[in-house]
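Presented below is the structure to which this report refers.
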Amino acid sequence: MKFAGALATGVLALAASTGVQAQSPALDAAFDRFDFPAVEREAQRLLAINSSDATGLIALARLGAQVGDKALDPGVAAAERCVEAHPQNAQCHGALGQTLGRKAVEAGMLAGVRYAGRIRSSFERAVQLAPHSLEARLDLNSYYLMAPALVGGGVDKARRNTQEFARLQPALAELAWAQIEVTEDKLAEAAARLERMPVPEERVARAAWIETMEGVGYQHLRHKRFEDAQRAFELGAQKLPRQAEFARGLGRVAQEQKQFERARKHFDHALSLAPAPDARIYFRLAQVLEQLARPAEALRHYEQARSIARPLPKSILQQIDERIAALRS
């Protein structure tokens, strides 16, 4: 069954944006700079005042979905408490779907499938409670687009979800249509749709625009369509010149083409734009510096990537550890 592998991709994408939903200024700022200890402190402060505080419970749940590992089980428990205490709160249900999705990823190919029903029902309930919510609609679409029909997935369901949303929020529904188009590899259509619309100012919608445009670029990159990938990242950079994600994407395009000096410049620019130290950028910059025969700088950047709280996939962490060991020897 391919569901667990596909779900892993979709849930990790969701986990990457679980700090996006506006909660409180302190939590928003901490998520933005990947200061996960600050997220936990603020959540625990809120819960010390009120043990059923929805904002605190959602923050712990999203922390678990984003970080995984030891934060995951407490995150699931926080989401379940949130749903129990606030059954009409759509964000509680969405947070539960996200934490269970991460749980499915970490459980592996077969064991993860047992979470599918609860993930789907959590996202569907969030949409029922908050039909105008872009976050809830995109979460549900992600499930439908990644999961096979056997466990309630299907692109037709994603289209129906988006059609319903378009009747309520026609401008924001453009982002959901683009999400579907990226999944179906209709990348030119998705990029044109994103180019036509103004970049949203609202926090969740803006993040969705950025992530979807990134998705266009990286999907082209995976298929070695370098010119198309570069156009997508350049379009994003034109719309949002201060956004580190698009400079990082341009660096990846150059890196894959073995244009290492050009890649270095893009990654350096991405670091200058990032609101907080970003392990992904340091890792890629370290790889490029190795190719440029600058081992001392490469080692420093690998060590920096390893020290940052923002979680990286275990395979990347393993690569970093291997390169640190090799460069220190």
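Chain lettering (A, B, ...) mirrors the order of the structure tokens, residue numbering begins at 1 for each chain separately, and ligand numbering begins at 1 in order of display.
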Excluding Pro131 in chain A and its own-chain neighbours fewer than 2 positions away, which residues fall within 12 Å of it when counting only C-alpha atoms? Please give them as a short mmCIF file (atom, residue, chain, number, x, y, z; two decimals) with N, CA, C and O atoms, in the first residue's frame.
data_model
loop_
_atom_site.label_atom_id
_atom_site.label_comp_id
_atom_site.auth_asym_id
_atom_site.auth_seq_id
_atom_site.Cartn_x
_atom_site.Cartn_y
_atom_site.Cartn_z
N ALA A 90 -12.65 24.47 15.75
CA ALA A 90 -12.11 23.82 14.55
C ALA A 90 -10.60 23.64 14.62
O ALA A 90 -10.06 22.64 14.13
N GLN A 91 -9.92 24.61 15.24
CA GLN A 91 -8.46 24.49 15.31
C GLN A 91 -8.03 23.31 16.16
O GLN A 91 -6.99 22.70 15.89
N PHE A 123 -9.89 16.33 10.17
CA PHE A 123 -9.88 17.41 9.18
C PHE A 123 -11.28 17.71 8.66
O PHE A 123 -11.63 18.87 8.44
N GLU A 124 -12.08 16.67 8.47
CA GLU A 124 -13.45 16.89 8.00
C GLU A 124 -14.27 17.64 9.05
O GLU A 124 -15.07 18.53 8.71
N ARG A 125 -14.06 17.30 10.32
CA ARG A 125 -14.80 18.00 11.37
C ARG A 125 -14.36 19.46 11.46
O ARG A 125 -15.20 20.36 11.68
N ALA A 126 -13.09 19.72 11.26
CA ALA A 126 -12.61 21.11 11.27
C ALA A 126 -13.31 21.93 10.19
O ALA A 126 -13.71 23.08 10.42
N VAL A 127 -13.48 21.34 9.02
CA VAL A 127 -14.17 22.04 7.93
C VAL A 127 -15.64 22.25 8.26
O VAL A 127 -16.21 23.32 7.99
N GLN A 128 -16.27 21.26 8.86
CA GLN A 128 -17.68 21.42 9.25
C GLN A 128 -17.85 22.57 10.23
O GLN A 128 -18.82 23.34 10.14
N LEU A 129 -16.92 22.71 11.16
CA LEU A 129 -17.02 23.74 12.18
C LEU A 129 -16.59 25.12 11.67
O LEU A 129 -17.07 26.14 12.16
N SER A 133 -12.67 28.61 6.76
CA SER A 133 -11.25 28.57 7.13
C SER A 133 -10.40 28.01 6.01
O SER A 133 -10.56 26.86 5.60
N LEU A 134 -9.45 28.81 5.53
CA LEU A 134 -8.51 28.33 4.52
C LEU A 134 -7.65 27.20 5.06
O LEU A 134 -7.43 26.20 4.39
N GLU A 135 -7.17 27.35 6.29
CA GLU A 135 -6.32 26.31 6.87
C GLU A 135 -7.04 24.97 6.91
O GLU A 135 -6.48 23.94 6.53
N ALA A 136 -8.30 24.98 7.37
CA ALA A 136 -9.05 23.73 7.46
C ALA A 136 -9.26 23.12 6.07
O ALA A 136 -9.13 21.90 5.89
N ARG A 137 -9.56 23.94 5.10
CA ARG A 137 -9.79 23.43 3.73
C ARG A 137 -8.50 22.85 3.15
O ARG A 137 -8.52 21.79 2.50
N LEU A 138 -7.38 23.52 3.34
CA LEU A 138 -6.12 23.02 2.79
C LEU A 138 -5.67 21.74 3.48
O LEU A 138 -5.13 20.83 2.84
N LEU A 140 -7.64 19.47 4.78
CA LEU A 140 -8.49 18.39 4.28
C LEU A 140 -8.11 18.03 2.85
O LEU A 140 -8.05 16.84 2.49
N ASN A 161 -14.44 19.71 -2.14
CA ASN A 161 -14.12 20.54 -0.99
C ASN A 161 -13.78 21.97 -1.44
O ASN A 161 -14.22 22.95 -0.85
N THR A 162 -13.02 22.07 -2.52
CA THR A 162 -12.60 23.39 -3.01
C THR A 162 -13.77 24.13 -3.66
O THR A 162 -13.90 25.35 -3.51
N GLN A 163 -14.64 23.42 -4.35
CA GLN A 163 -15.83 24.06 -4.91
C GLN A 163 -16.71 24.64 -3.82
O GLN A 163 -17.23 25.76 -3.95
N GLU A 164 -16.89 23.90 -2.74
CA GLU A 164 -17.68 24.41 -1.62
C GLU A 164 -17.02 25.65 -1.03
O GLU A 164 -17.69 26.64 -0.70
N PHE A 165 -15.70 25.61 -0.88
CA PHE A 165 -14.97 26.74 -0.33
C PHE A 165 -15.08 27.96 -1.25
O PHE A 165 -15.20 29.10 -0.78
N ALA A 166 -15.03 27.71 -2.56
CA ALA A 166 -15.08 28.82 -3.52
C ALA A 166 -16.40 29.59 -3.43
O ALA A 166 -16.44 30.79 -3.71
N ARG A 167 -17.47 28.92 -3.05
CA ARG A 167 -18.75 29.62 -2.89
C ARG A 167 -18.72 30.56 -1.69
O ARG A 167 -19.46 31.54 -1.64
N LEU A 168 -17.86 30.24 -0.72
CA LEU A 168 -17.77 31.04 0.50
C LEU A 168 -16.64 32.07 0.45
O LEU A 168 -16.78 33.19 0.93
N GLN A 169 -15.50 31.64 -0.12
CA GLN A 169 -14.29 32.47 -0.14
C GLN A 169 -13.65 32.38 -1.53
O GLN A 169 -12.62 31.74 -1.71
N ALA A 173 -10.05 30.63 -2.38
CA ALA A 173 -10.16 29.31 -3.02
C ALA A 173 -9.15 29.13 -4.15
O ALA A 173 -8.82 28.00 -4.51
#
For this session: May I have the residues within 8 Å of Phe246 in chain A as a PyMOL selection string, using only C-alpha atoms and disregarding those fewer than 5 positions away in the same chain?
Result: chain A and resi 214+233-234+236-237+270
For this session: Please report, as a PyMOL selection string, each residue of range 44-279 of chain A to which DSSP assigns helix (DSSP H, G or I) when run on this structure's backbone.
Result: chain A and resi 44-49+54-67+69-85+90-107+111-129+134-146+149-151+155-168+170-183+187-196+203-222+226-239+244-256+260-273+279
Problem set entry | d(CA of Ala178 in chain A, CA of His223 in chain A) in Å | 19.0 Å
Exercise. Using only C-alpha atoms, which of A:Phe226, A:Tyr282, A:Trp177, A:Tyr143 sits nearest Tyr302 in chain A?
Worked result: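 Counting only C-alpha atoms, the residue closest to Tyr302 in chain A is A:Tyr282.
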For this session: Tell me which of A:Ala286, A:Ala171, A:Leu72, A:Ala130 sits closest to His93 in chain A, counting only C-alpha atoms.
Result: A:Ala130
For this session: Fewer than 6 positions away in the same chain doesn't count, so skip those; otherwise give me all residues within 10 Å of Pro198 in chain A, counting only C-alpha atoms, as a ChimeraX atom specification.
Result: /A:171,206,209,239
For this session: Find the spatial neighbours of range 263-269 of chain A, counting only C-alpha atoms, within a cut-off of 9 Å - ignore same-chain residues fewer than 2 positions away - and output them as a PyMOL selection string.
Result: chain A and resi 244+247-256+258-261+271-274+281-282+284-285+288-289
Output file for the residues above (N, CA, C and O atoms, as a CSV table (one decimal), in the first residue's frame):
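To be explicit, this is the file written out as again.csv:
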chain,number,residue,atom,x,y,z
A,244,ALA,N,13.0,34.5,2.2
A,244,ALA,CA,14.2,33.6,2.1
A,244,ALA,C,13.9,32.3,1.3
A,244,ALA,O,14.8,31.8,0.7
A,247,ALA,N,14.9,32.6,-2.4
A,247,ALA,CA,16.4,32.6,-2.6
A,247,ALA,C,17.0,31.2,-2.4
A,247,ALA,O,17.9,30.8,-3.1
A,248,ARG,N,16.4,30.5,-1.4
A,248,ARG,CA,16.9,29.1,-1.1
A,248,ARG,C,16.6,28.2,-2.3
A,248,ARG,O,17.4,27.4,-2.8
A,249,GLY,N,15.4,28.4,-2.9
A,249,GLY,CA,15.0,27.6,-4.1
A,249,GLY,C,15.9,27.9,-5.3
A,249,GLY,O,16.4,27.0,-6.0
A,250,LEU,N,16.3,29.1,-5.5
A,250,LEU,CA,17.2,29.5,-6.6
A,250,LEU,C,18.6,28.9,-6.3
A,250,LEU,O,19.3,28.4,-7.2
A,251,GLY,N,19.0,28.8,-5.0
A,251,GLY,CA,20.2,28.2,-4.7
A,251,GLY,C,20.2,26.7,-5.0
A,251,GLY,O,21.2,26.1,-5.5
A,252,ARG,N,19.1,26.0,-4.8
A,252,ARG,CA,18.9,24.6,-5.0
A,252,ARG,C,19.0,24.3,-6.5
A,252,ARG,O,19.6,23.3,-7.0
A,253,VAL,N,18.4,25.2,-7.3
A,253,VAL,CA,18.4,25.0,-8.8
A,253,VAL,C,19.9,25.1,-9.3
A,253,VAL,O,20.4,24.2,-10.0
A,254,ALA,N,20.6,26.1,-8.8
A,254,ALA,CA,22.0,26.2,-9.2
A,254,ALA,C,22.8,25.1,-8.7
A,254,ALA,O,23.7,24.5,-9.4
A,255,GLN,N,22.6,24.6,-7.5
A,255,GLN,CA,23.3,23.5,-6.9
A,255,GLN,C,23.1,22.2,-7.7
A,255,GLN,O,24.1,21.5,-8.0
A,256,GLU,N,21.9,21.9,-8.1
A,256,GLU,CA,21.6,20.7,-8.9
A,256,GLU,C,22.2,20.8,-10.3
A,256,GLU,O,22.5,19.8,-10.9
A,258,LYS,N,25.2,22.1,-10.6
A,258,LYS,CA,26.6,22.1,-10.3
A,258,LYS,C,27.2,23.5,-10.6
A,258,LYS,O,28.4,23.6,-10.9
A,259,GLN,N,26.4,24.5,-10.5
A,259,GLN,CA,26.8,25.9,-10.6
A,259,GLN,C,27.0,26.4,-9.1
A,259,GLN,O,26.2,27.1,-8.6
A,260,PHE,N,28.1,25.9,-8.5
A,260,PHE,CA,28.3,26.0,-7.1
A,260,PHE,C,28.5,27.5,-6.6
A,260,PHE,O,28.0,27.8,-5.5
A,261,GLU,N,29.2,28.3,-7.3
A,261,GLU,CA,29.5,29.6,-6.9
A,261,GLU,C,28.2,30.4,-6.9
A,261,GLU,O,27.8,31.2,-6.0
A,271,LEU,N,20.2,33.3,3.7
A,271,LEU,CA,20.5,33.4,5.1
A,271,LEU,C,20.3,34.9,5.6
A,271,LEU,O,19.8,35.1,6.7
A,272,SER,N,20.6,35.8,4.7
A,272,SER,CA,20.5,37.2,5.1
A,272,SER,C,19.0,37.6,5.2
A,272,SER,O,18.7,38.6,5.9
A,273,LEU,N,18.1,36.9,4.5
A,273,LEU,CA,16.7,37.2,4.5
A,273,LEU,C,15.9,36.4,5.6
A,273,LEU,O,14.8,36.9,6.0
A,274,ALA,N,16.4,35.3,6.0
A,274,ALA,CA,15.7,34.4,6.9
A,274,ALA,C,15.4,35.1,8.3
A,274,ALA,O,16.3,35.8,8.8
A,281,ILE,N,19.1,25.9,5.1
A,281,ILE,CA,20.0,26.8,4.3
A,281,ILE,C,21.5,26.5,4.7
A,281,ILE,O,22.3,26.3,3.8
A,282,TYR,N,21.8,26.4,6.0
A,282,TYR,CA,23.1,26.1,6.4
A,282,TYR,C,23.6,24.7,5.8
A,282,TYR,O,24.8,24.6,5.4
A,284,ARG,N,22.6,23.2,3.0
A,284,ARG,CA,22.9,23.3,1.6
A,284,ARG,C,24.1,24.1,1.3
A,284,ARG,O,24.9,23.8,0.4
A,285,LEU,N,24.3,25.2,2.1
A,285,LEU,CA,25.5,26.0,1.9
A,285,LEU,C,26.7,25.2,2.2
A,285,LEU,O,27.8,25.4,1.5
A,288,VAL,N,27.7,23.1,-0.7
A,288,VAL,CA,28.2,23.9,-1.8
A,288,VAL,C,29.7,24.3,-1.5
A,288,VAL,O,30.6,24.2,-2.3
A,289,LEU,N,29.9,24.7,-0.2
A,289,LEU,CA,31.3,25.1,0.2
A,289,LEU,C,32.2,23.9,0.1
A,289,LEU,O,33.4,24.1,-0.3
Problem set entry | Shell around Gln304 in chain A at 8 Å using only C-alpha atoms, local window under 3 positions removed, as a list in words | Ala279, Tyr282, Arg300, His301, Ser307 and Ile308 of chain A
Problem set entry | Point-to-point distance from CA of Gly97 in chain A to CA of Ser122 in chain A, Å rounded to tenths |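 It comes out at 5.1 Å.
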Seminar exercise, completed: Taken to one decimal, the CA of Arg323 in chain A-CA of Ala229 in chain A distance is 27.9 Å
Seminar exercise, completed: Using only C-alpha atoms, the residue out of A:Glu195, A:Ser24, A:Glu189, A:Arg203 with shortest distance to Gln238 in chain A is A:Glu195
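Ranking A:Leu327, A:Val151, A:Ala309, A:Leu221 by their shortest atom-to-atom distance to Pro37 in chain A, with only C-alpha atoms included, puts A:Ala309 first.
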